[in-house]
Amino acid sequence: MIIRSLRIVWKSSPTWAAASGVSVVLNALLPLVMLWAMGRMVDATLASVSAAADGVDVMALMPSLAAFGVALFASYAMSALSDWCTSELGEKLKGRVADMIHSQMSKVDYQTMQSPQFQTEAFRAISGSTQMPVNIFFSTINLVESSLTFCAMSIWLTQVKWWLPLVVMAAGAPVVAVRMWDTRAAYGLYKRLSTDERRMRYYNNVLTQPRYAPEVRLFGLTDLFRDLYADIHRRTAGERTGLKRRSMIRQVLASGLSTLAVMTVFVVVIVMAVGEGLSVGSLAMYLMAIRRAETAVGSMSRRSITLHSQGLYVRSLFEFLDLRASRSRKAPFPADFKRIEVRDVSFSYPGSGRRALRGMSFTIGRGEVVGIRGGNGTGKSTIVKMLCGLLRPDSGIVAIDGTAVSDISPEELSRNVCAVFQDFRVYCATAKENIHFGDIRTGAETGKIRAAASAADIDNLISSLPNGYDTELGNEFPGSEMFSRGEWQRLAQARIYFSRAEIVIFDEAASALDPRARLTMQKNIAKLRSEGRTVIIVSHLCETLDAADRIIDLG
């Protein structure tokens, strides 16, 4: 997983990845130069004090001061360079990973997305995933940097005793072992609590998002959902804090062992300095080398643990990216088709044992205006999504001139089938863009867009907005304008009128319309019929079905 993450980083920007690597190597070697310069500066200062009776000879100190100053400046400069490389690479990588996720999500069929199991897996994969590979990359190069720093410090320590670097290295082992154990335990808890986290997010949305607010306030549901959120949070927080408490105890014990090992090294160096008559500068240099080596080992330990943890968590991202995409659908849309056939179709949504459709059959001829009527739960919206190629029957077939809709390429379906869904979406985009979404393959010509808006009887409303058709709609961003549900439904219908699709579907498309708007819709259906297009009207309202040539009753 780590190798794969590093490969993604490199492909996102080889130039910035290489620059980051170079800056890391230089940052790792600079402490060695600074230690050498500081040791020379201390010795030169003491020599100057001993030789000059009237004070320190500053000029004699200038070479060592200059060397230390250059090393210090280089350290600051390399730190700034490293930050720049990190920022540039991070932005490029974040965009690449986000694009990979969006691409994979577009390949997952709508039917798979309905599965609660898939939603939990996607939640685990996407949460913070745009940062995970870049975090792995920088953890890796920081590990390399710490390792190089340790090696550089080891050069000095081996001059005292060859085994001192090994003792310093071993000092970090207890902490690493404990944290590796804790990391696996934390990841196991994270996977186990994923569904609870999704449920908490849902309750939070109910309590904070405007679309829930009217009913939550009217029905007095605030305290109920607050309690539901608090109960899950209390339980999950208790499990996390319990894990942290046990982790803290283990880490304190491991840190005690590590401290004992480091202090042993200090004692050995001091004894050797006294016995061999080392200069003060050399002693200071060795003691600083021990400290820098111990710090480097600590950093290596932390980076190793971080990489181990990130390797576990990034697994969810790659499992998501490795999901088998929807089977390739390449069949063309039948030219000048004669009929749409639904034959003995049954269907259950993923994870549900209840049949949404059972043995449904009917035929619709080209150019017909057909109504589909039925009560709640009879499968009206489900069959609409099958006609659009979004769902596949468990058994039976939905076909156009014998070609299964589920075999027709999505591009062909998008060009030839258009629908206003019962749960149509509100897009935070301009009014012009909202209508153009009906057929984004064609140009957004103002005349055609206004004609579609006029057909939906919404041109006057849009023209009265502050920026007309260039006004952003929705309630997500400042300066946008919000419509009523009926106005949004008319805008959704405008998408259909802008489209040149052969098959047009209205799924409860008049549910929020006033009588005048319903009459306008019926006139538009008559116009679509005159153009030879096939129109399917799905509704439980008799007056909406008046425009139909015949009605299919689902019961």
# chains A, B, ... in the order shown; residues from 1 in each chain; ligands from 1

call {"tool": "residues_around", "arguments": {"residues": "Glu531 in chain A", "least_positions_apart": "4", "cutoff": "10 Å", "atoms": "only C-alpha atoms", "output": "PyMOL selection string"}}
result
chain A and resi 367+502+525-527

call {"tool": "residues_around", "arguments": {"residues": "Ser304 in chain A", "least_positions_apart": "4", "cutoff": "10 Å", "atoms": "only C-alpha atoms", "output": "number ranges by chain"}}
result
A: 139-140, 142-143, 176, 179-180, 298-300, 308-310

call {"tool": "write_last_selection", "arguments": {"atoms": "N, CA, C and O atoms", "output": "PDB file, in the first residue's frame"}}
result
ATOM      1  N   SER A 139       5.742  11.389   5.146  1.00  0.00           N
ATOM      2  CA  SER A 139       6.210  10.556   6.255  1.00  0.00           C
ATOM      3  C   SER A 139       7.420   9.744   5.821  1.00  0.00           C
ATOM      4  O   SER A 139       8.376   9.550   6.590  1.00  0.00           O
ATOM      5  N   THR A 140       7.383   9.269   4.570  1.00  0.00           N
ATOM      6  CA  THR A 140       8.501   8.477   4.050  1.00  0.00           C
ATOM      7  C   THR A 140       9.761   9.318   3.931  1.00  0.00           C
ATOM      8  O   THR A 140      10.847   8.905   4.362  1.00  0.00           O
ATOM      9  N   ASN A 142      10.431  12.096   5.443  1.00  0.00           N
ATOM     10  CA  ASN A 142      10.866  12.498   6.785  1.00  0.00           C
ATOM     11  C   ASN A 142      11.582  11.351   7.489  1.00  0.00           C
ATOM     12  O   ASN A 142      12.522  11.571   8.266  1.00  0.00           O
ATOM     13  N   LEU A 143      11.118  10.120   7.232  1.00  0.00           N
ATOM     14  CA  LEU A 143      11.811   8.951   7.776  1.00  0.00           C
ATOM     15  C   LEU A 143      13.220   8.848   7.193  1.00  0.00           C
ATOM     16  O   LEU A 143      14.192   8.569   7.907  1.00  0.00           O
ATOM     17  N   VAL A 176       8.394   1.950  19.727  1.00  0.00           N
ATOM     18  CA  VAL A 176       7.892   1.541  18.405  1.00  0.00           C
ATOM     19  C   VAL A 176       6.984   0.327  18.526  1.00  0.00           C
ATOM     20  O   VAL A 176       5.885   0.274  17.936  1.00  0.00           O
ATOM     21  N   ARG A 179       3.606   1.299  20.073  1.00  0.00           N
ATOM     22  CA  ARG A 179       2.761   2.118  19.203  1.00  0.00           C
ATOM     23  C   ARG A 179       2.259   1.347  17.989  1.00  0.00           C
ATOM     24  O   ARG A 179       1.173   1.622  17.486  1.00  0.00           O
ATOM     25  N   MET A 180       3.053   0.418  17.487  1.00  0.00           N
ATOM     26  CA  MET A 180       2.582  -0.442  16.400  1.00  0.00           C
ATOM     27  C   MET A 180       1.357  -1.233  16.849  1.00  0.00           C
ATOM     28  O   MET A 180       0.364  -1.361  16.132  1.00  0.00           O
ATOM     29  N   GLY A 298      13.934   9.004  17.672  1.00  0.00           N
ATOM     30  CA  GLY A 298      12.542   9.255  18.031  1.00  0.00           C
ATOM     31  C   GLY A 298      11.709   9.616  16.827  1.00  0.00           C
ATOM     32  O   GLY A 298      10.571   9.151  16.667  1.00  0.00           O
ATOM     33  N   SER A 299      12.280  10.460  15.950  1.00  0.00           N
ATOM     34  CA  SER A 299      11.570  10.831  14.725  1.00  0.00           C
ATOM     35  C   SER A 299      11.382   9.629  13.808  1.00  0.00           C
ATOM     36  O   SER A 299      10.312   9.437  13.216  1.00  0.00           O
ATOM     37  N   MET A 300      12.428   8.803  13.696  1.00  0.00           N
ATOM     38  CA  MET A 300      12.312   7.584  12.885  1.00  0.00           C
ATOM     39  C   MET A 300      11.207   6.679  13.429  1.00  0.00           C
ATOM     40  O   MET A 300      10.431   6.103  12.653  1.00  0.00           O
ATOM     41  N   HIS A 308       3.026   3.003   9.236  1.00  0.00           N
ATOM     42  CA  HIS A 308       2.264   1.782   9.512  1.00  0.00           C
ATOM     43  C   HIS A 308       0.777   2.103   9.615  1.00  0.00           C
ATOM     44  O   HIS A 308      -0.068   1.412   9.018  1.00  0.00           O
ATOM     45  N   SER A 309       0.456   3.166  10.338  1.00  0.00           N
ATOM     46  CA  SER A 309      -0.937   3.564  10.505  1.00  0.00           C
ATOM     47  C   SER A 309      -1.554   3.998   9.184  1.00  0.00           C
ATOM     48  O   SER A 309      -2.655   3.572   8.806  1.00  0.00           O
ATOM     49  N   GLN A 310      -0.822   4.844   8.450  1.00  0.00           N
ATOM     50  CA  GLN A 310      -1.351   5.328   7.172  1.00  0.00           C
ATOM     51  C   GLN A 310      -1.489   4.199   6.166  1.00  0.00           C
ATOM     52  O   GLN A 310      -2.405   4.201   5.338  1.00  0.00           O
TER      53      GLN A 310
END

call {"tool": "residues_around", "arguments": {"residues": "Thr236 in chain A", "least_positions_apart": "4", "cutoff": "8 Å", "atoms": "only C-alpha atoms", "output": "PyMOL selection string"}}
result
chain A and resi 193+196+232+240

call {"tool": "write_last_selection", "arguments": {"atoms": "C-alpha atoms", "output": "PDB file, in the first residue's frame"}}
result
ATOM      1  CA  LEU A 193     -17.266   2.097  14.394  1.00  0.00           C
ATOM      2  CA  ASP A 196     -21.808   4.478  13.969  1.00  0.00           C
ATOM      3  CA  ILE A 232     -23.670   7.121  20.006  1.00  0.00           C
ATOM      4  CA  ARG A 240     -11.746   5.514  22.029  1.00  0.00           C
TER       5      ARG A 240
END

call {"tool": "closest_atom_pairs", "arguments": {"of": "range 500-548 of chain A", "to": "range 351-364 of chain A", "cutoff": "10 Å", "atoms": "only C-alpha atoms", "output": "tab-separated table"}}
result
residue	atom	partner	partner_atom	distance
A:Thr534	CA	A:Ile364	CA	8.5
A:Val535	CA	A:Ile364	CA	9.5
A:Ile536	CA	A:Ile364	CA	8.8

call {"tool": "closest_residue", "arguments": {"among": "A:Ile537, A:Ala170, A:Leu189, A:Ala74", "to": "Val370 in chain A", "atoms": "only C-alpha atoms"}}
result
A:Ile537

call {"tool": "residues_around", "arguments": {"residues": "Lys523 in chain A", "least_positions_apart": "5", "cutoff": "10 Å", "atoms": "only C-alpha atoms", "output": "ChimeraX atom specification"}}
result
/A:455,517-518,528-529,547

call {"tool": "write_last_selection", "arguments": {"atoms": "N, CA and C atoms", "output": "PDB file, in the first residue's frame"}}
result
ATOM      1  N   ALA A 455     -41.171  27.438 -22.286  1.00  0.00           N
ATOM      2  CA  ALA A 455     -42.056  26.272 -22.354  1.00  0.00           C
ATOM      3  C   ALA A 455     -42.445  25.811 -20.953  1.00  0.00           C
ATOM      4  N   ALA A 517     -49.629  25.767 -14.008  1.00  0.00           N
ATOM      5  CA  ALA A 517     -48.403  25.103 -14.438  1.00  0.00           C
ATOM      6  C   ALA A 517     -48.701  23.691 -14.938  1.00  0.00           C
ATOM      7  N   ARG A 518     -49.697  23.021 -14.332  1.00  0.00           N
ATOM      8  CA  ARG A 518     -50.064  21.679 -14.799  1.00  0.00           C
ATOM      9  C   ARG A 518     -50.663  21.740 -16.195  1.00  0.00           C
ATOM     10  N   LEU A 528     -44.673  17.602 -27.501  1.00  0.00           N
ATOM     11  CA  LEU A 528     -43.695  16.522 -27.613  1.00  0.00           C
ATOM     12  C   LEU A 528     -44.250  15.384 -28.469  1.00  0.00           C
ATOM     13  N   ARG A 529     -45.563  15.094 -28.292  1.00  0.00           N
ATOM     14  CA  ARG A 529     -46.194  14.038 -29.102  1.00  0.00           C
ATOM     15  C   ARG A 529     -46.158  14.423 -30.571  1.00  0.00           C
ATOM     16  N   ALA A 547     -53.368  13.744 -20.251  1.00  0.00           N
ATOM     17  CA  ALA A 547     -52.693  13.926 -21.538  1.00  0.00           C
ATOM     18  C   ALA A 547     -52.275  12.597 -22.164  1.00  0.00           C
TER      19      ALA A 547
END

call {"tool": "closest_residue", "arguments": {"among": "A:Leu29, A:Ala444, A:Ala492, A:Val345", "to": "Arg425 in chain A", "atoms": "only C-alpha atoms"}}
result
A:Ala492

call {"tool": "closest_residue", "arguments": {"among": "A:Ala548, A:Met113, A:Val144, A:Ile8", "to": "Gly95 in chain A", "atoms": "only C-alpha atoms"}}
result
A:Ile8

call {"tool": "closest_residue", "arguments": {"among": "A:Ser480, A:Thr259, A:Ser5, A:Ser328", "to": "Glu411 in chain A", "atoms": "only C-alpha atoms"}}
result
A:Ser328

call {"tool": "closest_residue", "arguments": {"among": "A:Thr520, A:Thr295, A:Ser115, A:Thr15", "to": "Glu88 in chain A", "atoms": "only C-alpha atoms"}}
result
A:Thr15

call {"tool": "select_by_dssp", "arguments": {"residues": "range 227-372 of chain A", "states": "alpha helix (DSSP H)", "output": "count of residues only"}}
result
92

call {"tool": "atom_distance", "arguments": {"atom1": "CA of Asn27 in chain A", "atom2": "CA of Leu157 in chain A"}}
result
20.0 Å

call {"tool": "atom_distance", "arguments": {"atom1": "CA of Ser316 in chain A", "atom2": "CA of Ala125 in chain A"}}
result
4.8 Å

call {"tool": "closest_residue", "arguments": {"among": "A:Ser381, A:Asn135, A:Ser463, A:Ser64", "to": "Leu307 in chain A", "atoms": "only C-alpha atoms"}}
result
A:Asn135

call {"tool": "select_by_dssp", "arguments": {"residues": "range 400-469 of chain A", "states": "strand (DSSP E or B)", "output": "PyMOL selection string"}}
result
chain A and resi 400+403-404+408+417-420+430

call {"tool": "residues_around", "arguments": {"residues": "His102 in chain A", "least_positions_apart": "4", "cutoff": "12 Å", "atoms": "only C-alpha atoms", "output": "NGL selection string"}}
result
:A and (95-98 or 106-108 or 122 or 126 or 129-130 or 320-321)

call {"tool": "residues_around", "arguments": {"residues": "Tyr76 in chain A", "least_positions_apart": "5", "cutoff": "12 Å", "atoms": "only C-alpha atoms", "output": "count of residues only"}}
result
11

call {"tool": "residues_around", "arguments": {"residues": "Tyr469 in chain A", "least_positions_apart": "4", "cutoff": "9 Å", "atoms": "only C-alpha atoms", "output": "ChimeraX atom specification"}}
result
/A:430-433,446,450,459,462-463,465
